[in-house]
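Shown next: protein.json, given as JSON, C-alpha atoms.
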[["chain", "number", "residue", "atom", "x", "y", "z"],
["A", 257, "MET", "CA", -35.72, 56.78, 115.02],
["A", 258, "THR", "CA", -32.62, 57.35, 112.91],
["A", 259, "PRO", "CA", -29.78, 54.78, 113.08],
["A", 260, "SER", "CA", -27.81, 57.18, 115.30],
["A", 261, "GLU", "CA", -30.75, 57.55, 117.69],
["A", 262, "LYS", "CA", -31.21, 53.78, 117.82],
["A", 263, "ILE", "CA", -27.54, 53.22, 118.67],
["A", 264, "ARG", "CA", -27.63, 55.87, 121.39],
["A", 265, "HIS", "CA", -30.78, 54.28, 122.83],
["A", 266, "LYS", "CA", -29.22, 50.79, 122.70],
["A", 267, "ALA", "CA", -26.05, 51.95, 124.47],
["A", 268, "LEU", "CA", -28.04, 53.53, 127.30],
["A", 269, "GLU", "CA", -30.25, 50.44, 127.52],
["A", 270, "MET", "CA", -27.12, 48.30, 127.95],
["A", 271, "GLY", "CA", -26.01, 50.30, 130.99],
["A", 272, "PHE", "CA", -23.79, 53.05, 129.62],
["A", 273, "ASP", "CA", -24.49, 56.40, 131.26],
["A", 274, "ALA", "CA", -23.73, 58.61, 128.25],
["A", 275, "VAL", "CA", -23.07, 58.11, 124.55],
["A", 276, "GLY", "CA", -22.01, 60.45, 121.77],
["A", 277, "ILE", "CA", -21.06, 60.13, 118.11],
["A", 278, "ALA", "CA", -18.25, 61.93, 116.31],
["A", 279, "ARG", "CA", -17.47, 62.09, 112.61],
["A", 280, "CYS", "CA", -14.02, 60.76, 111.76],
["A", 281, "ARG", "CA", -11.57, 63.47, 110.81],
["A", 282, "PRO", "CA", -8.00, 64.36, 111.74],
["A", 283, "LEU", "CA", -7.97, 66.25, 115.06],
["A", 284, "THR", "CA", -5.10, 68.53, 114.09],
["A", 285, "SER", "CA", -5.04, 70.97, 117.02],
["A", 286, "GLN", "CA", -5.33, 68.16, 119.58],
["A", 287, "ARG", "CA", -2.45, 66.36, 117.88],
["A", 288, "GLU", "CA", -0.30, 69.49, 118.08],
["A", 289, "THR", "CA", -1.08, 69.89, 121.78],
["A", 290, "PHE", "CA", -0.12, 66.25, 122.40],
["A", 291, "ASP", "CA", 3.14, 66.68, 120.47],
["A", 292, "ARG", "CA", 4.11, 69.65, 122.65],
["A", 293, "TRP", "CA", 3.35, 67.59, 125.77],
["A", 294, "LEU", "CA", 5.65, 64.83, 124.54],
["A", 295, "GLU", "CA", 8.38, 67.33, 123.61],
["A", 296, "ARG", "CA", 8.41, 68.60, 127.20],
["A", 297, "GLY", "CA", 8.95, 65.06, 128.48],
["A", 298, "TYR", "CA", 5.74, 64.92, 130.49],
["A", 299, "ASP", "CA", 4.99, 61.34, 129.41],
["A", 300, "GLY", "CA", 6.91, 60.00, 132.40],
["A", 301, "SER", "CA", 8.82, 57.36, 130.37],
["A", 302, "LEU", "CA", 5.56, 55.81, 129.11],
["A", 303, "ASP", "CA", 7.13, 54.88, 125.80],
["A", 304, "TYR", "CA", 3.93, 53.52, 124.26],
["A", 305, "LEU", "CA", 2.56, 57.08, 124.13],
["A", 306, "ARG", "CA", 5.20, 57.95, 121.55],
["A", 307, "ARG", "CA", 4.15, 55.16, 119.19],
["A", 308, "ASN", "CA", 1.44, 55.46, 116.52],
["A", 309, "VAL", "CA", 0.77, 59.10, 117.39],
["A", 310, "ASP", "CA", -0.86, 59.76, 114.00],
["A", 311, "LYS", "CA", -3.50, 57.10, 114.66],
["A", 312, "ARG", "CA", -4.51, 58.59, 118.00],
["A", 313, "PHE", "CA", -6.04, 61.59, 116.30],
["A", 314, "ASP", "CA", -7.17, 60.09, 112.98],
["A", 315, "PRO", "CA", -9.20, 56.85, 113.31],
["A", 316, "ALA", "CA", -9.13, 56.36, 109.53],
["A", 317, "LEU", "CA", -5.46, 55.41, 110.00],
["A", 318, "LEU", "CA", -6.42, 52.98, 112.75],
["A", 319, "PHE", "CA", -9.29, 51.29, 110.90],
["A", 320, "GLU", "CA", -9.61, 51.46, 107.13],
["A", 321, "GLY", "CA", -12.83, 53.05, 105.91],
["A", 322, "ALA", "CA", -13.71, 54.53, 109.32],
["A", 323, "ARG", "CA", -16.49, 57.13, 109.16],
["A", 324, "SER", "CA", -17.79, 57.47, 112.72],
["A", 325, "VAL", "CA", -16.63, 57.08, 116.31],
["A", 326, "VAL", "CA", -19.24, 56.03, 118.88],
["A", 327, "VAL", "CA", -18.01, 57.05, 122.34],
["A", 328, "CYS", "CA", -19.62, 55.43, 125.39],
["A", 329, "ALA", "CA", -19.11, 56.48, 129.00],
["A", 330, "ALA", "CA", -19.89, 54.58, 132.18],
["A", 331, "SER", "CA", -19.79, 56.12, 135.63],
["A", 332, "TYR", "CA", -17.93, 54.24, 138.36],
["A", 333, "LYS", "CA", -18.55, 56.74, 141.15],
["A", 334, "ARG", "CA", -19.20, 54.88, 144.42],
["A", 335, "PRO", "CA", -19.29, 55.86, 148.09],
["A", 336, "PRO", "CA", -15.81, 56.18, 149.63],
["A", 337, "CYS", "CA", -14.35, 52.98, 151.07],
["A", 338, "GLU", "CA", -13.76, 52.85, 154.80],
["A", 339, "GLY", "CA", -11.34, 49.93, 154.86],
["A", 340, "PRO", "CA", -7.68, 50.69, 155.66],
["A", 341, "VAL", "CA", -6.44, 49.06, 152.45],
["A", 342, "ALA", "CA", -9.36, 49.60, 150.05],
["A", 343, "SER", "CA", -9.47, 53.33, 150.82],
["A", 344, "ARG", "CA", -5.90, 53.62, 149.51],
["A", 345, "ILE", "CA", -6.74, 52.03, 146.16],
["A", 346, "ALA", "CA", -8.21, 54.10, 143.31],
["A", 347, "SER", "CA", -11.92, 53.41, 142.99],
["A", 348, "TYR", "CA", -11.73, 52.18, 139.37],
["A", 349, "ALA", "CA", -9.43, 49.36, 140.53],
["A", 350, "ARG", "CA", -11.76, 48.00, 143.23],
["A", 351, "SER", "CA", -13.92, 46.06, 140.79],
["A", 352, "ARG", "CA", -13.48, 43.80, 137.75],
["A", 353, "ASP", "CA", -11.11, 45.26, 135.17],
["A", 354, "TYR", "CA", -13.00, 47.78, 133.07],
["A", 355, "HIS", "CA", -11.05, 46.72, 129.99],
["A", 356, "LEU", "CA", -12.95, 43.43, 130.17],
["A", 357, "THR", "CA", -16.31, 44.83, 131.26],
["A", 358, "ILE", "CA", -16.50, 47.73, 128.82],
["A", 359, "LYS", "CA", -15.25, 45.69, 125.87],
["A", 360, "GLU", "CA", -17.88, 43.01, 126.42],
["A", 361, "LYS", "CA", -20.58, 45.69, 126.24],
["A", 362, "LEU", "CA", -19.00, 47.35, 123.20],
["A", 363, "PHE", "CA", -18.89, 44.08, 121.26],
["A", 364, "GLU", "CA", -22.59, 43.67, 121.99],
["A", 365, "LEU", "CA", -23.25, 47.22, 120.78],
["A", 366, "LEU", "CA", -21.13, 46.70, 117.66],
["A", 367, "LYS", "CA", -23.18, 43.61, 116.80],
["A", 368, "ALA", "CA", -26.37, 45.66, 117.10],
["A", 369, "LEU", "CA", -24.87, 48.38, 114.88],
["A", 370, "GLU", "CA", -23.85, 45.93, 112.18],
["A", 371, "GLU", "CA", -27.33, 44.37, 112.21],
["A", 372, "LEU", "CA", -28.86, 47.84, 111.97],
["A", 373, "MET", "CA", -26.56, 48.91, 109.12],
["A", 374, "PRO", "CA", -25.71, 45.78, 107.08],
["A", 375, "GLY", "CA", -22.35, 45.92, 105.38],
["A", 376, "SER", "CA", -20.79, 48.19, 108.00],
["A", 377, "ARG", "CA", -17.73, 47.06, 109.91],
["A", 378, "GLY", "CA", -16.13, 48.25, 113.11],
["A", 379, "ARG", "CA", -13.61, 47.76, 115.91],
["A", 380, "VAL", "CA", -13.94, 48.33, 119.63],
["A", 381, "PHE", "CA", -11.38, 50.09, 121.82],
["A", 382, "THR", "CA", -10.99, 50.63, 125.55],
["A", 383, "ASP", "CA", -7.77, 52.36, 126.54],
["A", 384, "THR", "CA", -5.58, 49.68, 124.96],
["A", 385, "ALA", "CA", -5.08, 51.08, 121.46],
["A", 386, "PRO", "CA", -3.60, 54.31, 120.08],
["A", 387, "LEU", "CA", -6.82, 56.31, 120.19],
["A", 388, "SER", "CA", -7.08, 59.61, 122.06],
["A", 389, "GLU", "CA", -10.23, 58.68, 123.97],
["A", 390, "LYS", "CA", -10.75, 61.95, 125.81],
["A", 391, "SER", "CA", -10.30, 63.98, 122.62],
["A", 392, "TRP", "CA", -12.90, 61.89, 120.85],
["A", 393, "ALA", "CA", -15.26, 62.12, 123.82],
["A", 394, "VAL", "CA", -15.12, 65.92, 123.57],
["A", 395, "GLU", "CA", -15.61, 65.66, 119.81],
["A", 396, "ALA", "CA", -18.69, 63.49, 120.47],
["A", 397, "GLY", "CA", -20.16, 66.13, 122.81],
["A", 398, "LEU", "CA", -19.74, 64.27, 126.11],
["A", 399, "GLY", "CA", -17.88, 66.97, 128.05],
["A", 400, "TRP", "CA", -14.65, 68.91, 128.39],
["A", 401, "ILE", "CA", -11.10, 68.20, 129.53],
["A", 402, "GLY", "CA", -10.77, 69.37, 133.12],
["A", 403, "ARG", "CA", -7.71, 70.88, 134.74],
["A", 404, "HIS", "CA", -6.75, 67.38, 135.94],
["A", 405, "SER", "CA", -6.66, 66.33, 132.23],
["A", 406, "LEU", "CA", -9.66, 64.01, 132.67],
["A", 407, "LEU", "CA", -12.94, 64.16, 130.77],
["A", 408, "VAL", "CA", -15.63, 65.94, 132.79],
["A", 409, "HIS", "CA", -19.27, 65.28, 131.94],
["A", 410, "PRO", "CA", -21.62, 68.09, 133.07],
["A", 411, "ARG", "CA", -23.86, 65.65, 134.98],
["A", 412, "LEU", "CA", -21.64, 62.63, 135.65],
["A", 413, "GLY", "CA", -18.39, 64.34, 136.62],
["A", 414, "SER", "CA", -15.06, 62.65, 135.86],
["A", 415, "PHE", "CA", -15.35, 59.23, 137.50],
["A", 416, "LEU", "CA", -15.89, 57.83, 134.02],
["A", 417, "LEU", "CA", -14.75, 54.83, 132.01],
["A", 418, "LEU", "CA", -14.64, 55.32, 128.24],
["A", 419, "GLY", "CA", -14.95, 52.95, 125.33],
["A", 420, "GLU", "CA", -15.25, 53.48, 121.59],
["A", 421, "ILE", "CA", -16.50, 51.84, 118.43],
["A", 422, "VAL", "CA", -14.75, 53.00, 115.27],
["A", 423, "THR", "CA", -17.05, 52.08, 112.42],
["A", 424, "THR", "CA", -17.45, 52.42, 108.68],
["A", 425, "ALA", "CA", -21.13, 53.31, 109.26],
["A", 426, "GLU", "CA", -22.03, 56.88, 108.36],
["A", 427, "LEU", "CA", -23.83, 58.02, 111.51],
["A", 428, "GLU", "CA", -25.27, 61.43, 112.34],
["A", 429, "PRO", "CA", -22.73, 63.04, 114.69],
["A", 430, "ASP", "CA", -23.33, 65.04, 117.84],
["A", 431, "ALA", "CA", -22.01, 68.56, 118.08],
["A", 432, "PRO", "CA", -18.56, 68.75, 119.72],
["A", 433, "PHE", "CA", -18.63, 70.07, 123.28],
["A", 434, "GLU", "CA", -17.87, 73.77, 123.33],
["A", 435, "GLY", "CA", -16.15, 75.57, 126.19],
["A", 436, "GLU", "CA", -15.39, 74.11, 129.61],
["A", 437, "GLY", "CA", -16.95, 74.17, 133.05],
["A", 438, "CYS", "CA", -14.00, 74.42, 135.41],
["A", 439, "GLY", "CA", -14.08, 78.20, 135.57],
["A", 440, "PRO", "CA", -11.59, 79.62, 138.09],
["A", 441, "CYS", "CA", -11.64, 76.42, 140.20],
["A", 442, "ARG", "CA", -8.19, 75.03, 141.04],
["A", 443, "ALA", "CA", -9.32, 72.39, 143.55],
["A", 444, "CYS", "CA", -7.76, 69.46, 141.71],
["A", 445, "MET", "CA", -4.41, 71.25, 141.32],
["A", 446, "GLU", "CA", -4.32, 72.14, 144.99],
["A", 447, "ALA", "CA", -5.30, 68.61, 146.04],
["A", 448, "CYS", "CA", -2.60, 66.77, 144.06],
["A", 449, "PRO", "CA", 0.01, 65.84, 146.68],
["A", 450, "ALA", "CA", 2.68, 65.30, 144.02],
["A", 451, "GLY", "CA", 2.18, 68.57, 142.14],
["A", 452, "ALA", "CA", 1.58, 66.61, 138.93],
["A", 453, "ILE", "CA", -1.23, 68.83, 137.57],
["A", 454, "LEU", "CA", 0.21, 71.58, 135.40],
["A", 455, "PRO", "CA", -1.40, 74.99, 134.79],
["A", 456, "ASP", "CA", -2.26, 74.21, 131.15],
["A", 457, "ARG", "CA", -4.56, 71.23, 131.89],
["A", 458, "LYS", "CA", -1.77, 68.74, 131.46],
["A", 459, "ILE", "CA", -0.29, 66.08, 133.70],
["A", 460, "ASP", "CA", 3.38, 65.52, 134.39],
["A", 461, "ALA", "CA", 3.19, 61.72, 134.34],
["A", 462, "GLY", "CA", 6.64, 61.50, 135.89],
["A", 463, "ARG", "CA", 5.19, 62.94, 139.10],
["A", 464, "CYS", "CA", 1.73, 61.39, 138.91],
["A", 465, "ILE", "CA", 1.06, 58.93, 141.73],
["A", 466, "SER", "CA", -1.27, 56.89, 139.57],
["A", 467, "ARG", "CA", 1.45, 56.33, 136.98],
["A", 468, "ARG", "CA", 4.05, 55.52, 139.64],
["A", 469, "THR", "CA", 1.86, 52.98, 141.42],
["A", 470, "VAL", "CA", 0.51, 51.23, 138.33],
["A", 471, "GLU", "CA", 3.28, 51.14, 135.75],
["A", 472, "LYS", "CA", 6.37, 49.01, 136.15],
["A", 473, "ALA", "CA", 9.08, 50.96, 137.92],
["A", 474, "GLU", "CA", 12.81, 50.69, 138.28],
["A", 475, "GLY", "CA", 14.26, 51.47, 141.68],
["A", 476, "ASP", "CA", 12.55, 53.72, 144.23],
["A", 477, "GLU", "CA", 8.93, 54.58, 143.46],
["A", 478, "GLY", "CA", 9.18, 57.81, 145.45],
["A", 479, "ASP", "CA", 6.65, 59.16, 147.93],
["A", 480, "LEU", "CA", 3.24, 57.69, 147.08],
["A", 481, "HIS", "CA", 1.49, 59.81, 149.72],
["A", 482, "GLY", "CA", -0.36, 56.87, 151.21],
["A", 483, "TRP", "CA", -1.70, 55.39, 147.97],
["A", 484, "LEU", "CA", -1.23, 51.70, 147.18],
["A", 485, "PHE", "CA", -2.59, 51.58, 143.63],
["A", 486, "GLY", "CA", -3.73, 54.53, 141.57],
["A", 487, "CYS", "CA", -4.82, 57.83, 143.09],
["A", 488, "ASP", "CA", -8.17, 59.62, 143.36],
["A", 489, "ALA", "CA", -6.97, 62.82, 145.05],
["A", 490, "CYS", "CA", -7.75, 65.18, 142.17],
["A", 491, "GLN", "CA", -11.15, 63.63, 141.46],
["A", 492, "LEU", "CA", -12.23, 63.61, 145.10],
["A", 493, "ALA", "CA", -11.49, 67.34, 145.28],
["A", 494, "CYS", "CA", -13.51, 68.20, 142.17],
["A", 495, "PRO", "CA", -16.84, 69.97, 142.94],
["A", 496, "ARG", "CA", -18.37, 68.36, 139.85],
["A", 497, "ASN", "CA", -17.77, 64.93, 141.34],
["A", 498, "ARG", "CA", -19.21, 65.87, 144.70],
["A", 499, "ARG", "CA", -22.48, 66.72, 142.92],
["A", 500, "ALA", "CA", -22.45, 63.72, 140.55],
["A", 501, "THR", "CA", -24.85, 60.83, 141.07],
["A", 502, "GLU", "CA", -23.34, 57.59, 142.35],
["A", 503, "THR", "CA", -23.60, 54.59, 140.06],
["A", 504, "ALA", "CA", -25.70, 51.60, 141.00],
["A", 505, "HIS", "CA", -24.46, 49.47, 138.11],
["A", 506, "PRO", "CA", -23.53, 45.98, 139.40],
["A", 507, "LEU", "CA", -20.74, 45.68, 136.84],
["A", 508, "PHE", "CA", -18.71, 48.22, 138.79],
["A", 509, "ALA", "CA", -19.48, 46.95, 142.28],
["A", 510, "PRO", "CA", -16.32, 46.65, 144.43],
["A", 511, "ILE", "CA", -14.94, 43.20, 145.20],
["A", 512, "ALA", "CA", -16.50, 42.38, 148.57],
["A", 513, "GLU", "CA", -13.31, 40.85, 150.01],
["A", 514, "LEU", "CA", -11.33, 43.98, 149.13],
["A", 515, "GLU", "CA", -13.66, 46.18, 151.15],
["A", 516, "ALA", "CA", -13.22, 43.98, 154.22],
["A", 517, "SER", "CA", -9.52, 43.03, 154.04],
["A", 518, "ASP", "CA", -7.02, 44.63, 156.42],
["A", 519, "ALA", "CA", -3.26, 45.02, 156.16],
["A", 520, "ALA", "CA", -2.52, 41.76, 157.98],
["A", 521, "GLU", "CA", -4.65, 39.77, 155.57],
["A", 522, "TRP", "CA", -2.91, 41.37, 152.61],
["A", 523, "THR", "CA", 0.62, 40.76, 153.84],
["A", 524, "ALA", "CA", -0.25, 37.10, 154.53],
["A", 525, "MET", "CA", -2.01, 36.62, 151.17],
["A", 526, "THR", "CA", -0.72, 33.90, 148.86],
["A", 527, "GLN", "CA", -0.34, 34.33, 145.12],
["A", 528, "GLU", "CA", -3.05, 31.71, 144.59],
["A", 529, "ARG", "CA", -5.51, 33.66, 146.73],
["A", 530, "PHE", "CA", -4.59, 36.93, 145.01],
["A", 531, "ASP", "CA", -5.19, 35.39, 141.59],
["A", 532, "GLN", "CA", -8.52, 33.99, 142.76],
["A", 533, "LEU", "CA", -9.81, 37.31, 144.12],
["A", 534, "TYR", "CA", -8.07, 39.93, 141.99],
["A", 535, "GLY", "CA", -6.89, 38.15, 138.85],
["A", 536, "GLU", "CA", -9.50, 40.00, 136.78],
["A", 537, "THR", "CA", -9.06, 43.39, 138.44],
["A", 538, "PRO", "CA", -6.63, 46.20, 137.56],
["A", 539, "LEU", "CA", -4.62, 45.25, 140.66],
["A", 540, "ASN", "CA", -3.27, 42.28, 138.74],
["A", 541, "ARG", "CA", -1.32, 44.68, 136.54],
["A", 542, "CYS", "CA", 0.77, 45.74, 139.50],
["A", 543, "GLY", "CA", 1.05, 42.34, 141.14],
["A", 544, "LEU", "CA", 0.82, 41.07, 144.70],
["A", 545, "ALA", "CA", 4.49, 41.52, 145.64],
["A", 546, "ARG", "CA", 4.53, 45.27, 144.92],
["A", 547, "ILE", "CA", 1.26, 45.87, 146.73],
["A", 548, "GLN", "CA", 2.46, 43.91, 149.77],
["A", 549, "ALA", "CA", 5.72, 45.89, 149.87],
["A", 550, "ARG", "CA", 3.77, 49.16, 149.94],
["A", 551, "ILE", "CA", 1.43, 47.88, 152.64],
["A", 552, "ARG", "CA", 4.37, 46.94, 154.83],
["A", 553, "LYS", "CA", 5.69, 50.49, 154.54],
["A", 554, "LEU", "CA", 2.29, 52.03, 155.39],
["A", 555, "PHE", "CA", 1.42, 49.61, 158.18],
["A", 556, "PRO", "CA", 4.76, 48.57, 159.76]]

Final structure tokens representation of the file:
Amino acid sequence: MTPSEKIRHKALEMGFDAVGIARCRPLTSQRETFDRWLERGYDGSLDYLRRNVDKRFDPALLFEGARSVVVCAASYKRPPCEGPVASRIASYARSRDYHLTIKEKLFELLKALEELMPGSRGRVFTDTAPLSEKSWAVEAGLGWIGRHSLLVHPRLGSFLLLGEIVTTAELEPDAPFEGEGCGPCRACMEACPAGAILPDRKIDAGRCISRRTVEKAEGDEGDLHGWLFGCDACQLACPRNRRATETAHPLFAPIAELEASDAAEWTAMTQERFDQLYGETPLNRCGLARIQARIRKLFP
């Protein structure tokens, strides 16, 4: 096997569901599209999106000597939750924080790459650095950007977590994904209760329920349409996701206590108990007090 084939095989062996490789180059058209999105003010006051824009679309500016981007995807699709609280929390947030889980796997993969190609160096990224993950996933042949602005894999759908290794290793790239598979479908647009999905495959983050429930807010959060943290409305409506296989990976198994907890248990929860159960989940980003305030509104 070639080094690229060995890395793909290793990533799948480690539990990733899909892996692709892209050659580092400036993604000029994607950068221009992103700039227009920012100009229209659709970033919803997420100021970090306006920093280091050049690096998002040119990894060589993010990591000196970068030659290749290895993009790994893991499915987190699970059966719907039945619990009154858990069912109102986005599915990615019901298990251990993917930033921790995915990075641990990527560091392991990077070690294997550096042993395979001595002298190469690399960095791992998972949604916490200025790297346009979805753009690079398309470049690595993993899928297309759906109308809901999420990456859609032909087999896995869009319930996907992404992580990348930017490396100095010269790897054989995959062909970029051509076209898109949404066709005339508008299911995600019609399902968004906040009207945040725009006609040109962009999101108005100012309206997006996920942004409003997760990011720090000043004043009234607005109508969250029954969601406590995040929002899966657009993904649940997508026909690609209805056909996608559910993951059995234990790393993305929901926290058992979350599945069983009701509103009364949540409103009575102490900070110590919250930290014990959810300190390593995405819910910690929002904090107990905000979640409890939303639960009291939903279940007076």

Hey, what's within 7 Å of Val422 in chain A if we count only C-alpha atoms and toss same-chain stuff fewer than 6 positions away? As number ranges by chain, please? A: 322, 324-326, 378-380

Which residues come within 6 Å of range 465-471 of chain A, counting all atoms listed in the file, excluding same-chain residues fewer than 5 positions away, as a list in words? Leu480, Phe485, Gly486, Cys487 and Cys542 of chain A

Rounded to one decimal place, report the CA of Leu407 in chain A-CA of Tyr298 in chain A distance in Å. 18.7 Å

Do you have the CA of Ala549 in chain A-CA of His355 in chain A distance handy?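 Separating CA of Ala549 in chain A from CA of His355 in chain A is a distance of 26.0 Å.
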
Counting only C-alpha atoms, the residue of A:Ala447, A:Ala489, A:Ala267, A:Ala385 that sits nearest Leu318 in chain A: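 Checking each candidate against Leu318 in chain A, we get A:Ala385 as the closest.
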
d(CA of Gly276 in chain A, CA of Lys262 in chain A) in Å: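 Straight-line distance from CA of Gly276 in chain A to CA of Lys262 in chain A works out to 12.0 Å.
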
If we count all atoms listed in the file and set the cut-off at 7 Å, which residues sit around Ala443 in chain A, ignoring sequence neighbours fewer than 2 positions away in its own chain? Please answer as a PyMOL selection string. chain A and resi 441+445-447+493-494

Can you list every residue of range 320-433 of chain A that has an atom at most 12 Å from range 448-456 of chain A, with its nearest atom pair and the distance in Å to one decimal, using only C-alpha atoms, ordered by chain then number, as JSON lines?
{"residue": "A:Ile401", "atom": "CA", "partner": "A:Asp456", "partner_atom": "CA", "distance": 10.8}
{"residue": "A:Gly402", "atom": "CA", "partner": "A:Asp456", "partner_atom": "CA", "distance": 10.0}
{"residue": "A:Arg403", "atom": "CA", "partner": "A:Asp456", "partner_atom": "CA", "distance": 7.3}
{"residue": "A:His404", "atom": "CA", "partner": "A:Ile453", "partner_atom": "CA", "distance": 5.9}
{"residue": "A:Ser405", "atom": "CA", "partner": "A:Ile453", "partner_atom": "CA", "distance": 8.0}
{"residue": "A:Leu406", "atom": "CA", "partner": "A:Ile453", "partner_atom": "CA", "distance": 10.9}

Between A:Trp392, A:Tyr348, A:Phe530, A:Trp522, smallest distance to Ala278 in chain A by only C-alpha atoms belongs to A:Trp392

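Closest approach to Glu536 in chain A among A:Asp273, A:Gly462, A:Arg264, A:Ile511: A:Ile511, based on only C-alpha atoms.
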
Using all atoms listed in the file, can you tell me which of A:Thr382, A:Ser331, A:Thr501, A:Ser376 comes closest to Leu356 in chain A?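 Looking only at the distances to Leu356 in chain A, the closest residue turns out to be A:Thr382.
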
With all atoms listed in the file as the counted atoms, please give the residues lying no more than 9 Å from Leu507 in chain A, apart from itself and same-chain residues fewer than 3 positions off, as JSON, numbers by chain. {"A": [351, 352, 354, 357, 504, 510]}

Around all the atoms of range 268-280 of chain A listed in the file, with 8 Å of room on each side, what axis-aligned box do you get, giving centre and edge lengths in Å to one decimal, as JSON?
{"center_x": -22.1, "center_y": 55.2, "center_z": 121.5, "size_x": 32.2, "size_y": 29.8, "size_z": 35.5}

Give me the residues within 12 Å of Met525 in chain A as a ChimeraX atom specification, counting only C-alpha atoms and dropping any in the same chain fewer than 5 places off. /A:517-520,530-534,543-545,547-548,551

Could you write those residues out with C-alpha atoms, as an mmCIF file, in the frame of the given file?
data_model
loop_
_atom_site.group_PDB
_atom_site.id
_atom_site.type_symbol
_atom_site.label_atom_id
_atom_site.label_comp_id
_atom_site.auth_asym_id
_atom_site.auth_seq_id
_atom_site.Cartn_x
_atom_site.Cartn_y
_atom_site.Cartn_z
ATOM 1 C CA SER A 517 -9.520 43.030 154.040
ATOM 2 C CA ASP A 518 -7.020 44.630 156.420
ATOM 3 C CA ALA A 519 -3.260 45.020 156.160
ATOM 4 C CA ALA A 520 -2.520 41.760 157.980
ATOM 5 C CA PHE A 530 -4.590 36.930 145.010
ATOM 6 C CA ASP A 531 -5.190 35.390 141.590
ATOM 7 C CA GLN A 532 -8.520 33.990 142.760
ATOM 8 C CA LEU A 533 -9.810 37.310 144.120
ATOM 9 C CA TYR A 534 -8.070 39.930 141.990
ATOM 10 C CA GLY A 543 1.050 42.340 141.140
ATOM 11 C CA LEU A 544 0.820 41.070 144.700
ATOM 12 C CA ALA A 545 4.490 41.520 145.640
ATOM 13 C CA ILE A 547 1.260 45.870 146.730
ATOM 14 C CA GLN A 548 2.460 43.910 149.770
ATOM 15 C CA ILE A 551 1.430 47.880 152.640
#

For Lys390 in chain A, which residue among A:Phe272, A:Phe313, A:Tyr304, A:Tyr332 is the nearest when counting all atoms listed in the file?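 The closest residue to Lys390 in chain A is A:Phe313.
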
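Distance annotation: of A:Cys444, A:Gln491, A:Ala346, A:Met270, the residue with the minimal separation from Phe363 in chain A is A:Met270; atom set is all atoms listed in the file.
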